[in-house]
$ cat structure32.cif   # mmCIF, C-alpha atoms and all ligand atoms
data_start
#
loop_
_atom_site.group_PDB
_atom_site.id
_atom_site.type_symbol
_atom_site.label_atom_id
_atom_site.label_comp_id
_atom_site.auth_asym_id
_atom_site.auth_seq_id
_atom_site.Cartn_x
_atom_site.Cartn_y
_atom_site.Cartn_z
ATOM 1 C CA MET W 1 46.793 -13.294 -51.632
ATOM 2 C CA THR W 2 44.425 -13.109 -48.610
ATOM 3 C CA ARG W 3 46.054 -14.475 -45.497
ATOM 4 C CA MET W 4 44.383 -15.864 -42.361
ATOM 5 C CA ALA W 5 44.087 -13.330 -39.517
ATOM 6 C CA LYS W 6 46.160 -14.005 -36.413
ATOM 7 C CA THR W 7 45.434 -12.979 -32.825
ATOM 8 C CA VAL W 8 47.698 -10.750 -30.734
ATOM 9 C CA ARG W 9 48.438 -13.694 -28.447
ATOM 10 C CA GLU W 10 49.766 -15.842 -31.310
ATOM 11 C CA SER W 11 52.796 -13.609 -31.797
ATOM 12 C CA GLN W 12 53.249 -12.235 -28.254
ATOM 13 C CA THR W 13 56.920 -12.541 -27.331
ATOM 14 C CA GLU W 14 58.516 -12.631 -23.887
ATOM 15 C CA MET W 15 62.246 -12.040 -23.539
ATOM 16 C CA THR W 16 64.295 -12.109 -20.332
ATOM 17 C CA GLU W 17 67.791 -10.668 -19.865
ATOM 18 C CA LEU W 18 70.167 -10.376 -16.914
ATOM 19 C CA ALA W 19 71.604 -6.855 -16.533
ATOM 20 C CA LEU W 20 75.405 -7.312 -16.561
ATOM 21 C CA PRO W 21 78.258 -4.894 -15.667
ATOM 22 C CA GLY W 22 79.531 -4.777 -19.296
ATOM 23 C CA ASP W 23 76.279 -3.040 -20.301
ATOM 24 C CA SER W 24 76.322 -0.413 -17.542
ATOM 25 C CA ASN W 25 77.481 3.174 -16.979
ATOM 26 C CA PRO W 26 79.649 4.211 -13.971
ATOM 27 C CA LEU W 27 76.495 4.493 -11.801
ATOM 28 C CA GLY W 28 75.744 0.807 -12.346
ATOM 29 C CA ASN W 29 72.713 1.615 -14.520
ATOM 30 C CA ILE W 30 72.162 -0.296 -17.760
ATOM 31 C CA LEU W 31 72.870 1.849 -20.843
ATOM 32 C CA GLY W 32 69.858 3.138 -22.763
ATOM 33 C CA GLY W 33 71.351 1.864 -26.025
ATOM 34 C CA ARG W 34 71.472 -1.685 -24.676
ATOM 35 C CA VAL W 35 67.820 -1.455 -23.585
ATOM 36 C CA MET W 36 66.881 -0.180 -27.070
ATOM 37 C CA HIS W 37 68.724 -3.127 -28.622
ATOM 38 C CA TRP W 38 66.688 -5.561 -26.470
ATOM 39 C CA ILE W 39 63.479 -3.685 -27.366
ATOM 40 C CA ASP W 40 64.286 -4.000 -31.086
ATOM 41 C CA LEU W 41 64.989 -7.747 -30.754
ATOM 42 C CA ALA W 42 61.815 -8.531 -28.788
ATOM 43 C CA ALA W 43 59.699 -6.490 -31.226
ATOM 44 C CA ALA W 44 61.350 -8.129 -34.252
ATOM 45 C CA MET W 45 60.496 -11.605 -32.954
ATOM 46 C CA ALA W 46 56.825 -10.660 -32.438
ATOM 47 C CA ALA W 47 56.623 -9.044 -35.903
ATOM 48 C CA MET W 48 58.233 -12.014 -37.655
ATOM 49 C CA ARG W 49 55.986 -14.483 -35.808
ATOM 50 C CA HIS W 50 52.947 -12.547 -36.974
ATOM 51 C CA ALA W 51 54.167 -12.052 -40.546
ATOM 52 C CA GLY W 52 55.648 -15.508 -41.032
ATOM 53 C CA GLN W 53 58.335 -13.578 -42.923
ATOM 54 C CA VAL W 54 61.542 -11.730 -42.253
ATOM 55 C CA ALA W 55 60.716 -8.202 -41.067
ATOM 56 C CA VAL W 56 62.891 -5.082 -40.786
ATOM 57 C CA THR W 57 62.619 -2.170 -38.372
ATOM 58 C CA ALA W 58 61.183 0.841 -40.213
ATOM 59 C CA SER W 59 60.940 3.144 -37.178
ATOM 60 C CA MET W 60 61.050 3.332 -33.419
ATOM 61 C CA ASP W 61 59.008 6.020 -31.657
ATOM 62 C CA ARG W 62 60.378 8.126 -28.798
ATOM 63 C CA VAL W 63 61.561 5.918 -25.900
ATOM 64 C CA GLU W 64 61.619 7.174 -22.319
ATOM 65 C CA PHE W 65 63.622 5.597 -19.506
ATOM 66 C CA LEU W 66 61.357 5.999 -16.487
ATOM 67 C CA ASN W 67 63.421 4.125 -13.889
ATOM 68 C CA PRO W 68 67.055 2.947 -13.906
ATOM 69 C CA ILE W 69 67.792 -0.738 -14.447
ATOM 70 C CA LYS W 70 70.562 -1.711 -12.040
ATOM 71 C CA VAL W 71 73.300 -4.274 -12.639
ATOM 72 C CA GLY W 72 72.063 -7.625 -11.295
ATOM 73 C CA HIS W 73 68.411 -6.933 -12.086
ATOM 74 C CA VAL W 74 66.399 -9.193 -14.366
ATOM 75 C CA VAL W 75 64.909 -7.374 -17.373
ATOM 76 C CA HIS W 76 61.548 -8.614 -18.696
ATOM 77 C CA LEU W 77 60.456 -7.497 -22.171
ATOM 78 C CA THR W 78 56.974 -8.220 -23.542
ATOM 79 C CA ALA W 79 56.286 -7.487 -27.213
ATOM 80 C CA CYS W 80 52.727 -7.443 -28.658
ATOM 81 C CA LEU W 81 51.339 -6.520 -32.061
ATOM 82 C CA THR W 82 49.013 -3.518 -31.741
ATOM 83 C CA TRP W 83 48.192 -2.772 -35.392
ATOM 84 C CA VAL W 84 48.729 -4.199 -38.844
ATOM 85 C CA GLY W 85 48.572 -2.415 -42.204
ATOM 86 C CA ARG W 86 49.244 -3.996 -45.594
ATOM 87 C CA THR W 87 52.953 -4.760 -45.156
ATOM 88 C CA SER W 88 53.718 -2.956 -41.890
ATOM 89 C CA MET W 89 53.052 -3.841 -38.269
ATOM 90 C CA GLU W 90 53.185 -1.770 -35.081
ATOM 91 C CA VAL W 91 54.613 -3.548 -32.031
ATOM 92 C CA ARG W 92 54.447 -2.332 -28.413
ATOM 93 C CA VAL W 93 57.254 -3.404 -26.077
ATOM 94 C CA ASN W 94 56.893 -3.108 -22.301
ATOM 95 C CA VAL W 95 60.104 -3.247 -20.293
ATOM 96 C CA GLU W 96 60.115 -4.105 -16.586
ATOM 97 C CA SER W 97 63.021 -4.625 -14.192
ATOM 98 C CA GLU W 98 63.010 -7.120 -11.321
ATOM 99 C CA ASP W 99 65.200 -6.919 -8.219
ATOM 100 C CA MET W 100 65.537 -10.621 -7.391
ATOM 101 C CA VAL W 101 66.597 -9.877 -3.797
ATOM 102 C CA SER W 102 63.716 -7.584 -2.789
ATOM 103 C CA GLY W 103 61.238 -8.959 -5.345
ATOM 104 C CA GLU W 104 60.436 -5.376 -6.465
ATOM 105 C CA HIS W 105 59.273 -4.892 -10.078
ATOM 106 C CA ASN W 106 59.427 -1.541 -11.896
ATOM 107 C CA VAL W 107 58.161 -0.500 -15.319
ATOM 108 C CA THR W 108 61.158 1.131 -17.025
ATOM 109 C CA SER W 109 60.028 1.807 -20.628
ATOM 110 C CA THR W 110 57.235 1.390 -23.153
ATOM 111 C CA ALA W 111 58.138 1.663 -26.826
ATOM 112 C CA TYR W 112 56.295 1.484 -30.153
ATOM 113 C CA LEU W 113 58.100 0.237 -33.245
ATOM 114 C CA THR W 114 57.035 -0.309 -36.854
ATOM 115 C CA PHE W 115 58.276 -3.326 -38.791
ATOM 116 C CA VAL W 116 57.859 -4.090 -42.491
ATOM 117 C CA ALA W 117 57.703 -7.673 -43.782
ATOM 118 C CA ILE W 118 60.122 -8.359 -46.612
ATOM 119 C CA GLY W 119 59.606 -11.015 -49.288
ATOM 120 C CA ALA W 120 62.144 -13.114 -51.167
ATOM 121 C CA ASP W 121 62.551 -10.311 -53.745
ATOM 122 C CA GLY W 122 63.611 -7.880 -51.003
ATOM 123 C CA ARG W 123 60.406 -5.797 -51.350
ATOM 124 C CA PRO W 124 57.654 -5.237 -48.747
ATOM 125 C CA VAL W 125 55.134 -8.087 -48.724
ATOM 126 C CA SER W 126 51.609 -8.299 -47.282
ATOM 127 C CA VAL W 127 51.060 -9.682 -43.777
ATOM 128 C CA PRO W 128 48.060 -11.418 -42.162
ATOM 129 C CA PRO W 129 45.381 -9.123 -40.643
ATOM 130 C CA LEU W 130 45.412 -8.723 -36.850
ATOM 131 C CA MET W 131 42.432 -10.238 -35.026
ATOM 132 C CA VAL W 132 41.691 -8.174 -31.894
ATOM 133 C CA THR W 133 39.816 -10.177 -29.264
ATOM 134 C CA THR W 134 39.553 -7.815 -26.261
ATOM 135 C CA ALA W 135 38.300 -4.240 -25.682
ATOM 136 C CA GLN W 136 41.838 -3.244 -24.662
ATOM 137 C CA GLU W 137 43.287 -4.583 -27.920
ATOM 138 C CA ALA W 138 40.601 -2.707 -29.889
ATOM 139 C CA GLU W 139 41.464 0.557 -28.073
ATOM 140 C CA GLU W 140 45.158 -0.038 -28.686
ATOM 141 C CA PHE W 141 44.449 -0.650 -32.405
ATOM 142 C CA GLN W 142 42.649 2.713 -32.691
ATOM 143 C CA ALA W 143 45.438 4.515 -30.827
ATOM 144 C CA ALA W 144 47.962 2.854 -33.169
ATOM 145 C CA GLU W 145 46.083 4.236 -36.201
ATOM 146 C CA ARG W 146 46.487 7.733 -34.772
ATOM 147 C CA ARG W 147 50.224 7.153 -34.167
ATOM 148 C CA ARG W 148 50.613 5.848 -37.716
ATOM 149 C CA ALA W 149 48.913 8.963 -39.151
ATOM 150 C CA GLU W 150 51.455 11.117 -37.253
ATOM 151 C CA ARG W 151 54.371 8.999 -38.511
ATOM 152 C CA MET W 152 53.180 9.224 -42.089
ATOM 153 C CA LYS W 153 53.060 13.034 -41.810
ATOM 154 C CA GLN W 154 56.704 13.025 -40.720
ATOM 155 C CA ARG W 155 57.897 10.342 -43.147
ATOM 156 C CA LYS W 156 60.867 11.384 -45.269
ATOM 157 C CA PRO W 157 61.397 10.349 -48.896
ATOM 158 C CA THR W 158 63.706 7.329 -49.376
ATOM 159 C CA ASN W 159 66.219 6.343 -52.085
ATOM 160 C CA GLY W 160 68.300 9.479 -51.721
ATOM 161 C CA ALA W 161 65.507 11.834 -52.850
ATOM 162 C CA THR W 162 65.854 15.361 -51.512
ATOM 163 C CA PRO W 163 63.281 16.093 -48.757
HETATM 164 C C1 LIG Z 201 61.203 0.050 -44.286
HETATM 165 C C2 LIG Z 201 61.375 -0.120 -45.797
HETATM 166 C C3 LIG Z 201 61.320 -1.587 -46.166
HETATM 167 C C4 LIG Z 201 60.172 0.610 -46.458
HETATM 168 O O1 LIG Z 201 60.401 0.501 -47.850
HETATM 169 P P1 LIG Z 201 59.588 1.416 -48.903
HETATM 170 O O2 LIG Z 201 60.102 1.144 -50.251
HETATM 171 O O3 LIG Z 201 59.576 2.814 -48.405
HETATM 172 O O4 LIG Z 201 58.183 0.734 -48.816
HETATM 173 P P2 LIG Z 201 56.723 1.310 -48.955
HETATM 174 O O5 LIG Z 201 56.675 2.778 -49.271
HETATM 175 O O6 LIG Z 201 56.023 0.363 -49.901
HETATM 176 O O7 LIG Z 201 56.150 1.115 -47.503
HETATM 177 C C5 LIG Z 201 55.930 -0.181 -46.966
HETATM 178 C C6 LIG Z 201 55.218 -0.057 -45.639
HETATM 179 O O8 LIG Z 201 56.114 0.487 -44.684
HETATM 180 C C7 LIG Z 201 55.537 1.597 -44.041
HETATM 181 N N1 LIG Z 201 56.633 2.492 -43.699
HETATM 182 C C8 LIG Z 201 57.643 2.887 -44.511
HETATM 183 N N2 LIG Z 201 58.483 3.704 -43.829
HETATM 184 C C9 LIG Z 201 57.980 3.826 -42.579
HETATM 185 C C10 LIG Z 201 58.405 4.523 -41.413
HETATM 186 N N3 LIG Z 201 59.507 5.287 -41.396
HETATM 187 N N4 LIG Z 201 57.674 4.405 -40.296
HETATM 188 C C11 LIG Z 201 56.561 3.631 -40.283
HETATM 189 N N5 LIG Z 201 56.107 2.930 -41.353
HETATM 190 C C12 LIG Z 201 56.811 3.040 -42.491
HETATM 191 C C13 LIG Z 201 54.568 2.158 -45.085
HETATM 192 O O9 LIG Z 201 53.575 2.954 -44.491
HETATM 193 C C14 LIG Z 201 54.008 0.882 -45.661
HETATM 194 O O10 LIG Z 201 53.051 0.331 -44.774
HETATM 195 P P3 LIG Z 201 51.724 -0.473 -45.299
HETATM 196 O O11 LIG Z 201 52.147 -1.381 -46.395
HETATM 197 O O12 LIG Z 201 51.262 -1.225 -44.089
HETATM 198 O O13 LIG Z 201 50.745 0.568 -45.750
HETATM 199 C C15 LIG Z 201 62.704 0.533 -46.316
HETATM 200 O O14 LIG Z 201 62.696 1.917 -46.042
HETATM 201 C C16 LIG Z 201 63.930 -0.121 -45.685
HETATM 202 O O15 LIG Z 201 64.373 -1.173 -46.111
HETATM 203 N N6 LIG Z 201 64.502 0.545 -44.646
HETATM 204 C C17 LIG Z 201 65.661 0.001 -43.955
HETATM 205 C C18 LIG Z 201 65.237 -1.031 -42.901
HETATM 206 C C19 LIG Z 201 66.396 -1.459 -42.041
HETATM 207 O O16 LIG Z 201 67.476 -1.657 -42.539
HETATM 208 N N7 LIG Z 201 66.140 -1.566 -40.718
HETATM 209 C C20 LIG Z 201 67.177 -1.820 -39.766
HETATM 210 C C21 LIG Z 201 67.650 -3.214 -39.768
HETATM 211 S S1 LIG Z 201 66.387 -4.434 -39.559
#
$ encode --input "structure32.cif" --output "structure tokens" --more "lines below"
Ligand SMILES: CC(C)(COP(=O)(O)OP(=O)(O)OC[C@H]1O[C@@H](n2cnc3c(N)ncnc32)[C@H](O)[C@@H]1OP(=O)(O)O)[C@@H](O)C(=O)NCCC(=O)NCCS
Amino acid sequence: MTRMAKTVRESQTEMTELALPGDSNPLGNILGGRVMHWIDLAAAMAAMRHAGQVAVTASMDRVEFLNPIKVGHVVHLTACLTWVGRTSMEVRVNVESEDMVSGEHNVTSTAYLTFVAIGADGRPVSVPPLMVTTAQEAEEFQAAERRRAERMKQRKPTNGATP
């Protein structure tokens, strides 16, 4: 079934969190695992909005933590579709922290994740094409194709098969 293309903007997802002490290490920095959890959630919402289906995380590329997020900071996550295949979608998540007292904003991470849409039978199902509308989105789409080629080279067999 051919599905109507959707723009990047249609599924763009903004998520805001308050960095709390229960998520921090003894230095008062938010734990990397908590940030990765937020990244996964923001990306999942963007992927499911685009697919109009439930989607599962297939992979998350290397994530770097460029600046600490301190307890009390606001954490802004922005998730955008960058590429769509037949059943899979790449999502970029930008993470930024905001010190509400000083007003300072810092980029803390950028992550790329791949989601796969899942149909009622539990199998991957096709998703709408991605309509790129700006030169930046077109560049990002091409870069995503290169990342996907690398991922496919490294992909391991599933269902218990021996690598
Ligand atoms: C992801 C999953 C659905 C893929 O299933 P599969 O039987 O290997 O499916 P296919 O081989 O048909 O691949 C489906 C799509 O996923 C992509 N894909 C599969 N594994 C991938 C990986 N590790 N990284 C990136 N893309 C991947 C394929 O390239 C294909 O994309 P396309 O249709 O756009 O060309 C399956 O491995 C799974 O269910 N994994 C567990 C997911 C999960 O529990 N996530 C955490 C909780 S949400």
$ residues_near_ligand --input "structure32.cif" --ligand "ligand LIG 201 (chain Z)" --cutoff "6 Å" --atoms "only C-alpha atoms and all ligand atoms" --output "PyMOL selection string"
chain W and resi 56-59+85-88+114+116+124+151+155
$ residues_around --input "structure32.cif" --residues "stretch 36-41 of chain W" --least-positions-apart "2" --cutoff "8 Å" --atoms "only C-alpha atoms" --output "PyMOL selection string"
chain W and resi 32-34+43-45+57+77+93+95+111+113
$ axis_aligned_box --input "structure32.cif" --around "stretch 6-24 of chain W" --padding-each-side "6 Å" --output "lines of an AutoDock Vina configuration file"
center_x = 62.5
center_y = -8.1
center_z = -26.0
size_x = 46.1
size_y = 27.4
size_z = 32.7
$ residues_around --input "structure32.cif" --residues "W:Leu81" --least-positions-apart "6" --cutoff "12 Å" --atoms "all atoms listed in the file" --output "JSON list (two decimals) with C-alpha atoms, keeping the file's coordinate frame"
[["chain", "number", "residue", "atom", "x", "y", "z"],
["W", 6, "LYS", "CA", 46.16, -14.00, -36.41],
["W", 7, "THR", "CA", 45.43, -12.98, -32.83],
["W", 8, "VAL", "CA", 47.70, -10.75, -30.73],
["W", 9, "ARG", "CA", 48.44, -13.69, -28.45],
["W", 10, "GLU", "CA", 49.77, -15.84, -31.31],
["W", 11, "SER", "CA", 52.80, -13.61, -31.80],
["W", 12, "GLN", "CA", 53.25, -12.24, -28.25],
["W", 13, "THR", "CA", 56.92, -12.54, -27.33],
["W", 42, "ALA", "CA", 61.82, -8.53, -28.79],
["W", 43, "ALA", "CA", 59.70, -6.49, -31.23],
["W", 44, "ALA", "CA", 61.35, -8.13, -34.25],
["W", 45, "MET", "CA", 60.50, -11.60, -32.95],
["W", 46, "ALA", "CA", 56.82, -10.66, -32.44],
["W", 47, "ALA", "CA", 56.62, -9.04, -35.90],
["W", 48, "MET", "CA", 58.23, -12.01, -37.66],
["W", 49, "ARG", "CA", 55.99, -14.48, -35.81],
["W", 50, "HIS", "CA", 52.95, -12.55, -36.97],
["W", 51, "ALA", "CA", 54.17, -12.05, -40.55],
["W", 88, "SER", "CA", 53.72, -2.96, -41.89],
["W", 89, "MET", "CA", 53.05, -3.84, -38.27],
["W", 90, "GLU", "CA", 53.18, -1.77, -35.08],
["W", 91, "VAL", "CA", 54.61, -3.55, -32.03],
["W", 92, "ARG", "CA", 54.45, -2.33, -28.41],
["W", 93, "VAL", "CA", 57.25, -3.40, -26.08],
["W", 94, "ASN", "CA", 56.89, -3.11, -22.30],
["W", 111, "ALA", "CA", 58.14, 1.66, -26.83],
["W", 112, "TYR", "CA", 56.30, 1.48, -30.15],
["W", 113, "LEU", "CA", 58.10, 0.24, -33.24],
["W", 114, "THR", "CA", 57.04, -0.31, -36.85],
["W", 115, "PHE", "CA", 58.28, -3.33, -38.79],
["W", 128, "PRO", "CA", 48.06, -11.42, -42.16],
["W", 129, "PRO", "CA", 45.38, -9.12, -40.64],
["W", 130, "LEU", "CA", 45.41, -8.72, -36.85],
["W", 131, "MET", "CA", 42.43, -10.24, -35.03],
["W", 132, "VAL", "CA", 41.69, -8.17, -31.89],
["W", 137, "GLU", "CA", 43.29, -4.58, -27.92],
["W", 138, "ALA", "CA", 40.60, -2.71, -29.89],
["W", 140, "GLU", "CA", 45.16, -0.04, -28.69],
["W", 141, "PHE", "CA", 44.45, -0.65, -32.40],
["W", 144, "ALA", "CA", 47.96, 2.85, -33.17]]
$ resolve_selection --input "structure32.cif" --expression "the PyMOL selection byres (((chain W and resi 66-68) around 7) and not hetatm)" --output "PyMOL selection string"
chain W and resi 29+64-65+69-70+108-109
$ closest_residue --input "structure32.cif" --among "W:Arg62, W:Thr110, W:Ala135, W:Asp23" --to "W:Cys80" --atoms "all atoms listed in the file"
W:Thr110
$ atom_distance --input "structure32.cif" --atom1 "atom CA of W:Asn25" --atom2 "atom CA of W:Thr78"
24.4 Å
$ closest_residue --input "structure32.cif" --among "W:Val74, W:Ala117, W:Ala19, W:Leu27" --to "W:Gly52" --atoms "all atoms listed in the file"
W:Ala117
$ atom_distance --input "structure32.cif" --atom1 "atom CA of W:Arg148" --atom2 "atom CA of W:Val35"
23.4 Å
$ atom_distance --input "structure32.cif" --atom1 "atom CA of W:Glu145" --atom2 "atom CA of W:Ala55"
19.8 Å
$ resolve_selection --input "structure32.cif" --expression "the PyMOL selection byres (((chain W and resi 16) around 8) and not hetatm)" --output "PyMOL selection string"
chain W and resi 14-15+17-18+74-77
$ write_last_selection --input "structure32.cif" --atoms "C-alpha atoms" --output "PDB file, in the coordinates of the input"
ATOM      1  CA  GLU W  14      58.516 -12.631 -23.887  1.00  0.00           C
ATOM      2  CA  MET W  15      62.246 -12.040 -23.539  1.00  0.00           C
ATOM      3  CA  GLU W  17      67.791 -10.668 -19.865  1.00  0.00           C
ATOM      4  CA  LEU W  18      70.167 -10.376 -16.914  1.00  0.00           C
ATOM      5  CA  VAL W  74      66.399  -9.193 -14.366  1.00  0.00           C
ATOM      6  CA  VAL W  75      64.909  -7.374 -17.373  1.00  0.00           C
ATOM      7  CA  HIS W  76      61.548  -8.614 -18.696  1.00  0.00           C
ATOM      8  CA  LEU W  77      60.456  -7.497 -22.171  1.00  0.00           C
TER       9      LEU W  77
END
